[in-house]
Each structure stands twice: as C-alpha cells, then as structure tokens.
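Data from coords36.cif: mmCIF, C-alpha atoms and all ligand atoms
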```cif
data_final
#
loop_
_atom_site.label_atom_id
_atom_site.label_comp_id
_atom_site.auth_asym_id
_atom_site.auth_seq_id
_atom_site.Cartn_x
_atom_site.Cartn_y
_atom_site.Cartn_z
CA MET A 1 14.37 30.31 41.32
CA SER A 2 13.53 33.71 42.76
CA PRO A 3 16.13 35.15 45.15
CA ALA A 4 15.35 34.49 48.80
CA GLU A 5 14.70 37.52 50.97
CA ILE A 6 16.80 37.24 54.09
CA PRO A 7 15.83 39.77 56.78
CA PHE A 8 18.66 41.31 58.78
CA PHE A 9 16.84 40.40 61.99
CA ALA A 10 14.47 37.50 62.33
CA GLY A 11 12.51 39.14 65.17
CA ALA A 12 9.31 37.25 64.46
CA ARG A 13 11.14 33.91 64.45
CA GLU A 14 12.84 34.69 67.75
CA MET A 15 9.54 35.78 69.31
CA ALA A 16 7.78 32.65 68.06
CA ALA A 17 10.42 30.51 69.76
CA HIS A 18 11.08 32.52 72.92
CA GLY A 19 8.48 35.30 73.11
CA ASP A 20 6.48 33.66 75.90
CA GLY A 21 9.58 33.47 78.06
CA TYR A 22 10.44 37.13 77.41
CA VAL A 23 6.92 38.32 78.15
CA ALA A 24 6.78 36.31 81.37
CA ALA A 25 10.13 37.79 82.43
CA ILE A 26 8.96 41.33 81.68
CA GLY A 27 5.71 40.69 83.55
CA ALA A 28 7.54 39.48 86.65
CA ALA A 29 9.84 42.51 86.52
CA LEU A 30 6.92 44.93 86.29
CA VAL A 31 4.96 43.20 89.05
CA SER A 32 7.89 43.74 91.39
CA GLY A 33 7.07 47.46 91.16
CA ARG A 34 10.69 48.44 90.58
CA ALA A 35 10.93 49.51 86.97
CA LEU A 36 14.49 50.71 87.63
CA GLN A 37 17.18 49.04 89.73
CA GLY A 38 14.95 46.06 90.46
CA PRO A 39 16.39 42.71 91.60
CA GLN A 40 16.82 41.53 88.00
CA VAL A 41 19.32 44.34 87.41
CA ALA A 42 21.50 43.22 90.31
CA GLU A 43 21.18 39.60 89.18
CA LEU A 44 22.14 40.48 85.62
CA GLU A 45 25.16 42.45 86.85
CA ALA A 46 26.36 39.48 88.87
CA ARG A 47 25.88 37.17 85.88
CA LEU A 48 27.73 39.51 83.50
CA ALA A 49 30.65 39.95 85.89
CA GLY A 50 30.89 36.17 86.28
CA ALA A 51 30.61 35.52 82.54
CA CYS A 52 33.42 37.96 81.76
CA GLY A 53 35.62 37.17 84.75
CA ARG A 54 35.36 40.60 86.36
CA ALA A 55 34.66 41.67 89.94
CA HIS A 56 32.00 44.21 88.95
CA ALA A 57 29.48 44.91 86.21
CA VAL A 58 27.51 48.16 86.22
CA THR A 59 24.61 48.24 83.78
CA VAL A 60 23.82 51.50 82.01
CA GLY A 61 21.49 52.83 79.34
CA SER A 62 23.63 51.96 76.30
CA GLY A 63 27.05 50.84 75.11
CA THR A 64 27.67 54.44 74.11
CA ASP A 65 27.10 55.63 77.68
CA ALA A 66 29.26 52.77 78.96
CA LEU A 67 32.22 54.07 76.92
CA PHE A 68 31.61 57.65 78.01
CA PHE A 69 31.40 56.66 81.69
CA ALA A 70 34.60 54.62 81.35
CA LEU A 71 36.42 57.80 80.31
CA ALA A 72 34.57 60.17 82.65
CA ALA A 73 35.21 57.95 85.67
CA HIS A 74 38.93 58.43 85.03
CA GLY A 75 38.59 62.20 84.75
CA ILE A 76 39.53 62.16 81.08
CA GLY A 77 38.48 65.44 79.51
CA PRO A 78 39.67 68.67 77.90
CA GLY A 79 43.40 68.71 77.11
CA ASP A 80 43.62 64.90 77.01
CA GLU A 81 44.03 62.67 73.99
CA VAL A 82 42.58 59.20 73.61
CA LEU A 83 43.95 56.69 71.09
CA VAL A 84 41.18 55.01 69.16
CA PRO A 85 41.08 52.72 66.09
CA ALA A 86 40.16 54.51 62.87
CA PHE A 87 37.72 51.71 62.03
CA SER A 88 34.84 51.00 64.42
CA PHE A 89 31.29 52.09 65.15
CA ILE A 90 31.09 55.85 65.65
CA ALA A 91 30.35 55.55 69.39
CA THR A 92 33.93 54.39 70.02
CA ALA A 93 35.18 57.83 68.99
CA SER A 94 32.20 60.07 69.79
CA CYS A 95 32.44 59.20 73.50
CA ILE A 96 35.88 60.84 73.52
CA VAL A 97 34.54 64.07 72.02
CA ARG A 98 31.63 63.94 74.47
CA ALA A 99 34.13 63.75 77.33
CA GLY A 100 35.82 66.88 75.93
CA ALA A 101 39.03 65.05 74.98
CA ARG A 102 40.59 64.68 71.53
CA PRO A 103 40.41 61.38 69.63
CA VAL A 104 43.69 60.35 68.01
CA PHE A 105 42.93 57.87 65.26
CA VAL A 106 45.13 54.82 64.92
CA ASP A 107 45.41 52.59 61.87
CA VAL A 108 44.00 49.07 61.81
CA ASP A 109 45.27 45.83 60.28
CA ASP A 110 43.67 43.81 57.47
CA ALA A 111 41.22 42.27 59.93
CA GLY A 112 40.08 45.77 60.95
CA LEU A 113 41.71 45.49 64.38
CA LEU A 114 43.84 48.11 66.11
CA ASP A 115 47.48 48.06 65.03
CA LEU A 116 49.74 48.50 68.05
CA GLU A 117 52.69 49.80 66.01
CA SER A 118 50.53 52.59 64.65
CA ALA A 119 49.26 53.22 68.18
CA ALA A 120 52.85 53.57 69.41
CA ALA A 121 53.57 56.08 66.65
CA ALA A 122 50.41 58.06 67.44
CA CYS A 123 50.89 58.11 71.22
CA GLY A 124 51.93 61.60 72.30
CA THR A 125 52.53 63.19 75.69
CA ARG A 126 48.85 64.15 76.09
CA ALA A 127 47.57 60.60 75.56
CA ARG A 128 45.65 59.40 78.64
CA ALA A 129 43.75 56.38 77.37
CA LEU A 130 43.51 53.77 74.65
CA ILE A 131 40.19 52.34 73.52
CA ALA A 132 40.71 48.85 72.06
CA VAL A 133 37.82 47.51 70.00
CA GLN A 134 37.14 43.78 69.74
CA LEU A 135 35.61 44.26 66.31
CA TYR A 136 33.13 41.72 64.90
CA GLY A 137 33.84 39.44 67.85
CA GLN A 138 37.53 39.18 66.98
CA MET A 139 39.89 39.56 69.90
CA LEU A 140 43.10 41.53 70.11
CA ASP A 141 45.98 40.03 72.07
CA PRO A 142 45.10 40.97 75.70
CA ALA A 143 48.65 40.65 77.03
CA ALA A 144 50.10 42.85 74.27
CA LEU A 145 47.40 45.49 74.81
CA GLU A 146 47.85 45.54 78.57
CA ALA A 147 51.64 45.76 78.29
CA PHE A 148 51.29 48.61 75.79
CA ALA A 149 48.97 50.54 78.12
CA ARG A 150 51.08 49.82 81.21
CA GLU A 151 54.34 51.02 79.59
CA ARG A 152 52.71 54.29 78.56
CA GLU A 153 50.55 54.73 81.67
CA LEU A 154 47.35 54.74 79.62
CA VAL A 155 43.90 53.76 80.85
CA LEU A 156 43.02 50.74 78.72
CA VAL A 157 39.32 50.76 77.84
CA GLU A 158 38.08 47.63 76.10
CA ASP A 159 35.18 48.23 73.71
CA ALA A 160 33.70 44.74 73.75
CA ALA A 161 30.32 45.92 72.42
CA GLN A 162 30.56 43.40 69.57
CA ALA A 163 32.34 40.64 71.42
CA PHE A 164 30.36 39.39 74.42
CA GLY A 165 31.09 35.66 74.64
CA ALA A 166 34.33 35.80 72.62
CA ALA A 167 37.58 34.50 74.11
CA THR A 168 41.21 34.02 73.26
CA GLY A 169 43.08 31.44 75.32
CA LYS A 170 41.86 31.91 78.86
CA ARG A 171 40.96 35.56 78.39
CA ARG A 172 37.37 36.49 77.73
CA ALA A 173 36.04 39.62 76.04
CA GLY A 174 34.99 41.99 78.80
CA SER A 175 38.00 41.18 80.95
CA VAL A 176 40.72 43.13 79.15
CA GLY A 177 42.29 46.30 80.50
CA ARG A 178 41.15 48.50 83.35
CA VAL A 179 37.59 48.78 82.22
CA SER A 180 35.44 47.03 79.59
CA CYS A 181 32.23 48.10 77.88
CA LEU A 182 29.37 45.96 76.58
CA SER A 183 26.37 46.85 74.44
CA PHE A 184 22.96 45.21 74.44
CA ASP A 185 21.80 47.11 71.39
CA PRO A 186 19.34 45.09 69.23
CA THR A 187 22.15 44.39 66.73
CA LYS A 188 24.20 42.52 69.34
CA THR A 189 24.20 38.79 69.99
CA VAL A 190 22.68 39.26 73.45
CA SER A 191 20.31 42.16 72.99
CA ALA A 192 17.88 44.05 75.18
CA PRO A 193 14.37 44.97 74.11
CA GLY A 194 15.75 48.45 73.38
CA SER A 195 19.06 50.03 74.33
CA GLY A 196 21.38 48.84 77.07
CA GLY A 197 25.00 48.51 78.07
CA ALA A 198 27.36 47.66 80.89
CA VAL A 199 30.75 48.71 82.23
CA LEU A 200 32.94 46.03 83.80
CA CYS A 201 35.96 46.44 86.02
CA ASP A 202 37.83 44.89 88.95
CA ASP A 203 38.39 48.00 91.03
CA ASP A 204 35.84 48.55 93.84
CA ALA A 205 36.24 52.33 93.92
CA LEU A 206 35.93 52.57 90.15
CA ALA A 207 32.73 50.48 90.20
CA GLU A 208 31.32 52.79 92.89
CA ARG A 209 32.14 55.83 90.76
CA LEU A 210 30.45 54.26 87.73
CA ARG A 211 27.33 53.59 89.79
CA ARG A 212 27.30 57.24 90.84
CA LEU A 213 27.71 58.49 87.29
CA ARG A 214 24.81 56.41 85.96
CA TRP A 215 22.37 57.92 88.44
CA HIS A 216 22.85 61.64 89.06
CA GLY A 217 26.07 61.29 91.04
CA ARG A 218 24.23 59.72 93.99
CA ASP A 219 26.49 57.82 96.39
CA ALA A 220 25.71 54.73 98.49
CA ALA A 221 24.58 56.96 101.39
CA GLY A 222 22.04 58.71 99.17
CA ALA A 223 23.88 62.02 98.77
CA PHE A 224 24.22 63.56 95.33
CA ALA A 225 27.97 63.71 95.64
CA GLU A 226 28.98 64.73 92.11
CA LEU A 227 27.62 65.74 88.74
CA GLY A 228 26.09 62.63 87.24
CA TYR A 229 23.74 61.45 84.52
CA ASN A 230 20.62 59.33 84.21
CA SER A 231 21.51 56.20 82.30
CA GLN A 232 19.92 53.06 83.69
CA LEU A 233 19.01 49.72 82.22
CA PRO A 234 15.27 49.15 82.86
CA THR A 235 14.48 46.19 85.11
CA ALA A 236 12.28 44.68 82.37
CA ALA A 237 15.23 44.80 79.95
CA ALA A 238 17.47 43.14 82.54
CA ALA A 239 14.86 40.40 82.94
CA VAL A 240 14.85 39.68 79.20
CA LEU A 241 18.65 39.78 79.09
CA LEU A 242 18.80 37.21 81.88
CA ARG A 243 16.57 34.94 79.82
CA LYS A 244 18.75 35.50 76.73
CA LEU A 245 21.91 34.69 78.66
CA GLU A 246 20.43 31.25 79.24
CA LEU A 247 19.84 30.83 75.51
CA ASP A 248 23.13 32.33 74.41
CA ALA A 249 25.24 29.16 74.57
CA GLU A 250 22.88 27.35 72.20
CA TRP A 251 22.65 30.41 69.90
CA THR A 252 26.43 30.65 69.76
CA ARG A 253 26.71 26.95 68.96
CA ARG A 254 24.19 27.34 66.15
CA ARG A 255 25.88 30.52 64.83
CA ARG A 256 29.19 28.66 64.68
CA GLU A 257 27.52 25.79 62.86
CA VAL A 258 26.10 28.19 60.25
CA ALA A 259 29.47 29.97 59.93
CA ALA A 260 31.20 26.63 59.41
CA HIS A 261 28.69 25.88 56.67
CA TYR A 262 29.57 29.14 54.89
CA ASP A 263 33.29 28.48 55.38
CA ALA A 264 32.98 25.04 53.84
CA ALA A 265 30.80 26.31 50.97
CA LEU A 266 33.22 29.12 50.16
CA ASP A 267 36.09 26.70 50.66
CA GLY A 268 38.67 29.37 51.40
CA LYS A 269 37.89 31.05 48.07
CA MET A 270 38.19 34.54 49.54
CA ALA A 271 41.59 33.80 51.06
CA ALA A 272 42.81 32.32 47.78
CA THR A 273 42.03 35.52 45.87
CA GLY A 274 44.44 37.51 48.03
CA ILE A 275 41.95 40.38 48.01
CA THR A 276 42.36 42.63 51.02
CA VAL A 277 39.53 44.45 52.77
CA ASP A 278 40.67 47.70 51.07
CA GLN A 279 40.46 46.16 47.63
CA MET A 280 37.03 44.73 48.37
CA PHE A 281 35.76 48.17 49.32
CA LEU A 282 37.34 49.64 46.16
CA VAL A 283 35.72 47.04 43.96
CA PHE A 284 32.32 47.45 45.61
CA THR A 285 32.43 51.22 45.53
CA ASP A 286 33.61 51.39 41.93
CA VAL A 287 31.53 48.66 40.44
CA TYR A 288 28.25 49.26 42.18
CA ILE A 289 28.23 53.00 42.65
CA LEU A 290 30.77 54.89 40.61
CA ILE A 291 30.62 53.09 37.28
CA PRO A 292 26.82 52.94 36.83
CA THR A 293 26.50 56.57 37.91
CA LEU A 294 29.15 57.59 35.42
CA MET A 295 27.64 55.51 32.63
CA VAL A 296 24.27 57.18 33.08
CA PHE A 297 25.94 60.56 33.23
CA LEU A 298 27.97 59.91 30.07
CA SER A 299 25.01 58.61 28.13
CA LEU A 300 23.24 61.89 28.84
CA VAL A 301 26.00 64.27 27.87
CA LEU A 302 28.28 62.57 25.32
CA ARG A 303 27.59 62.10 21.65
CA PRO A 304 26.26 58.58 21.12
CA ARG A 305 29.32 57.36 19.17
CA VAL A 306 31.86 58.69 21.67
CA ASN A 307 29.70 57.50 24.54
CA ARG A 308 29.61 53.98 23.15
CA ILE A 309 33.38 53.83 22.69
CA VAL A 310 34.05 55.19 26.21
CA ASN A 311 31.58 52.72 27.70
CA ILE A 312 33.14 49.76 25.90
CA VAL A 313 36.68 50.77 26.96
CA VAL A 314 35.66 51.27 30.61
CA ALA A 315 33.72 48.01 30.69
CA LEU A 316 36.60 46.03 29.13
CA VAL A 317 39.28 47.46 31.39
CA TYR A 318 37.05 46.95 34.38
CA ALA A 319 36.18 43.40 33.52
CA VAL A 320 39.87 42.52 33.21
CA SER A 321 40.67 44.35 36.44
CA ILE A 322 38.02 42.43 38.37
CA ILE A 323 39.14 39.11 36.92
CA ALA A 324 42.74 40.00 37.82
CA SER A 325 41.75 40.85 41.39
CA CYS A 326 39.93 37.53 41.67
CA ILE A 327 43.01 35.55 40.68
CA GLY A 328 45.09 37.43 43.20
CA GLU A 329 47.32 39.43 40.87
CA GLY A 330 47.43 42.48 43.12
CA TRP A 331 49.74 44.56 40.90
CA VAL A 332 47.64 43.95 37.79
CA TYR A 333 44.61 45.03 39.78
CA TYR A 334 46.22 48.27 40.85
CA LEU A 335 47.63 48.98 37.39
CA LEU A 336 44.29 48.46 35.70
CA GLY A 337 42.49 50.22 38.54
CA SER A 338 44.67 53.27 37.88
CA ALA A 339 44.00 52.96 34.15
CA VAL A 340 40.28 53.02 34.87
CA GLU A 341 40.63 56.11 36.99
CA VAL A 342 42.55 57.84 34.15
CA VAL A 343 39.86 56.84 31.64
CA LEU A 344 37.20 58.19 34.00
CA LEU A 345 39.11 61.41 34.47
CA VAL A 346 39.48 61.90 30.71
CA ALA A 347 35.78 61.17 30.28
CA ILE A 348 34.85 63.68 32.97
CA VAL A 349 37.14 66.38 31.50
CA ARG A 350 35.74 65.71 28.06
CA THR A 351 32.21 65.89 29.40
CA ALA A 352 32.91 69.21 31.04
CA TRP A 353 34.49 70.45 27.81
CA THR A 354 31.50 69.54 25.66
CA TRP A 355 28.87 70.39 28.26
CA PRO A 356 27.44 73.67 26.82
CA ARG A 357 27.21 72.20 23.32
CA THR A 358 25.50 69.01 24.33
CA GLN A 359 23.02 70.69 26.66
CA VAL A 360 21.59 72.98 23.94
CA ALA A 361 19.01 71.34 21.72
CA PRO A 362 20.17 71.25 18.03
CA SER A 363 17.28 73.42 16.89
CA LEU A 364 18.38 76.20 19.26
CA ARG A 365 22.04 76.25 18.22
C1 LIG A 401 32.07 48.70 68.61
C2 LIG A 401 30.87 49.39 69.19
N1 LIG A 401 31.06 50.28 70.18
C3 LIG A 401 30.03 50.90 70.76
C4 LIG A 401 28.74 50.67 70.36
C5 LIG A 401 27.63 51.45 70.99
O1 LIG A 401 26.72 50.65 71.66
P1 LIG A 401 25.19 51.12 71.83
O2 LIG A 401 24.55 51.03 70.50
O3 LIG A 401 24.62 50.15 72.81
O4 LIG A 401 25.19 52.52 72.34
C6 LIG A 401 28.49 49.74 69.32
C7 LIG A 401 27.18 49.35 68.81
O5 LIG A 401 26.18 49.80 68.75
C8 LIG A 401 29.59 49.09 68.73
O6 LIG A 401 29.41 48.22 67.74
#
```
Go ahead and render the structure in this file as structure tokens.
Ligand SMILES: Cc1ncc(COP(=O)(O)O)c(C=O)c1O
Amino acid sequence: MSPAEIPFFAGAREMAAHGDGYVAAIGAALVSGRALQGPQVAELEARLAGACGRAHAVTVGSGTDALFFALAAHGIGPGDEVLVPAFSFIATASCIVRAGARPVFVDVDDAGLLDLESAAAACGTRARALIAVQLYGQMLDPAALEAFARERELVLVEDAAQAFGAATGKRRAGSVGRVSCLSFDPTKTVSAPGSGGAVLCDDDALAERLRRLRWHGRDAAGAFAELGYNSQLPTAAAAVLLRKLELDAEWTRRRREVAAHYDAALDGKMAATGITVDQMFLVFTDVYILIPTLMVFLSLVLRPRVNRIVNIVVALVYAVSIIASCIGEGWVYYLLGSAVEVVLLVAIVRTAWTWPRTQVAPSLR
C-alpha cells in the first residue's frame, strides 16, 4: 500500500462543501459598497463578543496586531517588561518588542503551557503585563491566572489565537483577563480568507481606545485624536467568518470525533511510554537530523574500516536508547543518550584530527 498523502489544509474539500456560501457572502458584502467597516463587521463583532462572553469585540487586521494593540492600549512601552511563555508562536513575543517593551520569557510545563511558579520567579519590578497563551486549544486555569495578575498589578492579556471555542468549566477562551486576542489566520479553526484578528474586553473605554488604534487614532466624533494604525478586517472577510461561525459547531464536533478515533487507536500508548515533550524533540532531532548528517559526514572523511565500526556502535547504542525511551526507562534513555553524544564527540574530534590526511588523494601524498 502506498502511503497516503494528507494535505495540511483541505482547501479544495472545504470549498467544494461550502464555497458557494462563502462566495455569496463575499458578494453581498461587496455589493453593500462598504469594503471596510461594513455591517458584517459590526455583526461579527457582536457575535464574537457573545461567543466569548465579553462586552466588546474589536476586529483588526491580524492576531499579531490584536496582541500589539492590547499592549499599546495600556501604554505599555519602553522601560516596561512583559512576561511571556517561552513556547508559543513568535507573534506572542514580537508584539512586546514592537511596543518597545522587553519580553521576559517564562518556562512552560510539559503540556507547553505557561508555568505560574516560573512566572512568579521572573516577575520583577518593571513587569507591567503577562501574556497567557492558550496553546493548541488547551486552557490555563483562568482563576489562577487572574489572581496572579491581580496580586502583582499586571495587565493580563490572553492570547487565545489558537483557542477560539475552547472552554474550561464555565470560562471560555477569549474571556480571560483584562483583554483577549483572537486570530483568524488560515491555520486557525475559524479562519478568514486571508489575515484577521480581534481584541475582546469588557471595559467600554478600553474598547473605544482599541477602535481608535485600529484606524489612525480616529475617535467617535471623527477627530484623529491620537497616533494610530490602519489594521481593519475587510467586510468580505467578516462575511465569510460569519458563515464559518455557523459551521463551527459541526466542525468542532467532527474534529473531536476524529481526535477520539486517534486516541482510541493509540490507546494511551504515548502516555504509557512516559516520554516527555523534551525527549520527543531530542529523539526527533537526533534520529532524523543529526545522526544521518553525521553518518554521511563520517563516510566521507573516515577510513572505511573505522567508519564502519563507528557507524555500528552509534547505531547499536541509538537503537537501545530508543527502545529504552519507548518502555519509559527515563534514566536509561538519558544515560545512553549521553553515551551517544560522547561517541559523536569522539567521532567529530577524530574526524578533525584526520581531516588533512583523508582529504588528500593517495596519489598526491
Ligand atoms: C499563539 C498565537 N499567537 C498569535 C498568533 C498571530 O496571529 P496572526 O497570524 O493572525 O497574526 C498566532 C498565529 O498565527 C498564534 O498561534
């Protein structure tokens, strides 16, 4: 059986099923003559606020801009520090640099989520905000986050770019902290035909400020009251998003069904191995990148006999180390992992040592 090719995005399949609806929605938006800030934008904002349990949603050009505006609207800038998880998409940290503040990276737990103990240790006197990321749709404990931010007088920004629709207890993603950010990037579960994002909050004045920032600092009276930007979600994109919001419940149900299928098929095998995320990355990096590269390198520069022996030793030690990691013997894994690194180091030193000799063709020696 030849391996199936599974595309990352099944765009054609989605268009075949829903394309007519999207095109009709875009057509209606364009006919209205308001390519920006048309009625579909206001409708989408109301729907998003309702779905997340917030008073306001302000759509913007991307999730990246949403995060930046969340900081800028609080005057966070030069001299300030913002706590941010060390593991997320780059936009979670780059928005801080863009605001002129300094990101302070905080460790994450095995699930890749912000670790509050590490955040407490990293929180200095200059810290003004904490960006909490609901990574891969997983949710942090909202009450713990909000208490943490309250005790330290930090602005809590929720990066819910990957978590629209997620919930824990009665709390929904998009409702945590002072301000929440969504992304409608094509990689997200509810995606725009292009880029898009939204900032959600409960504070009327904050929502007003966010609306000013997204369009040149213009206030409700039409005056350009402050320095702003141009970051708007096109009306046509809002129209498609409205359509996708209607489909989202069924998509989520189906996604859960597929996930349950994988869970059942894997039957907790990953959990049983005791392999942590770190170890997985180590295994993938070593096995698929480092080892083959080194083998090719060695075969070029070592004498055939030495090369063969080194290859056999590395392969044997590695095979045992991978088997050990699969049966959950963490210490054996680390011990053998270290042994491999030593073997590699010796091989590299030896290669460097013999380099001039092996590079010169025998006839030229
Ligand atoms: C966690 C996280 N934050 C922020 C962003 C930025 O969103 P956008 O791509 O809409 O700018 C993304 C995804 O793209 C993300 O995954």
Rank A:Tyr229, A:Phe224, A:Trp251, A:Tyr136 by their smallest atom-to-atom distance to ligand LIG 401 (chain A), using all atoms listed in the file, and report the top residue only. A:Tyr136
Counting all atoms listed in the file, the option among A:Gly124, A:Gly228, A:Pro85, A:Gly19 closest to ligand LIG 401 (chain A):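 Between A:Gly124, A:Gly228, A:Pro85, A:Gly19, the residue approaching ligand LIG 401 (chain A) most closely is A:Pro85.
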Of the residues A:Ser175, A:Ser118, A:Ser94, A:Ser195, which is the one nearest to ligand LIG 401 (chain A), using only C-alpha atoms and all ligand atoms?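 For ligand LIG 401 (chain A), the nearest of the given residues is A:Ser195.
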May I ask which of the residues A:Asp20, A:Glu151, A:Asp185, A:Glu45 is the closest one to ligand LIG 401 (chain A), counting only C-alpha atoms and all ligand atoms?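 Among A:Asp20, A:Glu151, A:Asp185, A:Glu45, it is A:Asp185 that comes nearest to ligand LIG 401 (chain A).
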What are the centre and the three edge lengths of an axis-aligned box that wraps all atoms of ligand LIG 401 (chain A) in the file, given that 3 Å is added to every side, written as AutoDock Vina command-line options and rounded to one decimal in Å?
```
--center_x 28.3 --center_y 50.4 --center_z 70.3 --size_x 13.5 --size_y 10.3 --size_z 11.1
```
Counting all atoms listed in the file, give me one row per residue of chain A with an atom at most 9 Å from an atom of ligand LIG 401 (chain A), showing the shortest contact pair and its distance in Å to one decimal, sorted by chain then residue number, as CSV.
```
residue,atom,partner,partner_atom,distance
A:Gly61,CA,A:LIG401,O3,7.7
A:Ser62,CA,A:LIG401,O3,4.1
A:Gly63,CA,A:LIG401,O3,3.4
A:Thr64,CA,A:LIG401,O4,3.6
A:Asp65,CA,A:LIG401,O4,6.5
A:Ala66,CA,A:LIG401,O4,7.8
A:Leu67,CA,A:LIG401,C3,7.3
A:Ser88,CA,A:LIG401,C1,5.5
A:Phe89,CA,A:LIG401,C2,4.9
A:Ile90,CA,A:LIG401,N1,7.2
A:Ala91,CA,A:LIG401,C3,4.9
A:Thr92,CA,A:LIG401,N1,5.0
A:Ala93,CA,A:LIG401,N1,8.7
A:Val133,CA,A:LIG401,C1,6.0
A:Gln134,CA,A:LIG401,C1,7.2
A:Leu135,CA,A:LIG401,C1,6.1
A:Tyr136,CA,A:LIG401,C1,8.0
A:Asp159,CA,A:LIG401,N1,5.8
A:Ala160,CA,A:LIG401,C1,6.7
A:Ala161,CA,A:LIG401,C2,4.8
A:Gln162,CA,A:LIG401,O6,5.3
A:Ala163,CA,A:LIG401,C1,8.5
A:Cys181,CA,A:LIG401,C3,8.0
A:Leu182,CA,A:LIG401,O1,7.3
A:Ser183,CA,A:LIG401,O3,4.1
A:Phe184,CA,A:LIG401,O3,5.5
A:Asp185,CA,A:LIG401,O3,4.4
A:Pro186,CA,A:LIG401,O2,8.0
A:Thr187,CA,A:LIG401,O5,7.0
A:Lys188,CA,A:LIG401,C7,7.5
A:Ser195,CA,A:LIG401,O3,5.8
A:Gly196,CA,A:LIG401,O3,5.5
A:Gly197,CA,A:LIG401,O3,5.5
A:Ala198,CA,A:LIG401,O3,8.9
```
Have a look at A:Leu154, A:Val301, A:Ala35, A:Val97 and name the one nearest to A:Pro78; count all atoms listed in the file.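 Counting all atoms listed in the file, the residue closest to A:Pro78 is A:Val97.
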Of the residues A:Ala17, A:Val179, A:Ala205, A:Ala10, which is the one nearest to A:Leu247, using only C-alpha atoms?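 Of all the options, A:Ala17 lies closest to A:Leu247.
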Just want the 8 Å neighbourhood of A:Val106, counted on all atoms listed in the file, with same-chain residues fewer than 5 positions away dropped. Output as a list in words.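 Everything that qualifies: Leu83, Val84, Pro85, Ala86, Leu114, Asp115, Ser118, Ala119 and Ala122 of chain A.
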Writer output for current selection, C-alpha atoms, as a tab-separated table (two decimals), keeping the file's coordinate frame:
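Dumped everything to result31.tsv:
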```
chain	number	residue	atom	x	y	z
A	83	LEU	CA	43.95	56.69	71.09
A	84	VAL	CA	41.18	55.01	69.16
A	85	PRO	CA	41.08	52.72	66.09
A	86	ALA	CA	40.16	54.51	62.87
A	114	LEU	CA	43.84	48.11	66.11
A	115	ASP	CA	47.48	48.06	65.03
A	118	SER	CA	50.53	52.59	64.65
A	119	ALA	CA	49.26	53.22	68.18
A	122	ALA	CA	50.41	58.06	67.44
```
If we count only C-alpha atoms, what is near A:Gly174 at a cut-off of 7 Å, once residues fewer than 3 positions away on the same chain are taken out, given as a list in words?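 The residues that qualify are Cys52, Glu158, Ala160, Phe164, Ser180, Cys181 and Leu200 of chain A.
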Expressed in Å to a single decimal, how great is the separation between atom CA of A:Thr168 and atom CA of A:Glu146?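 The value is 14.3 Å.
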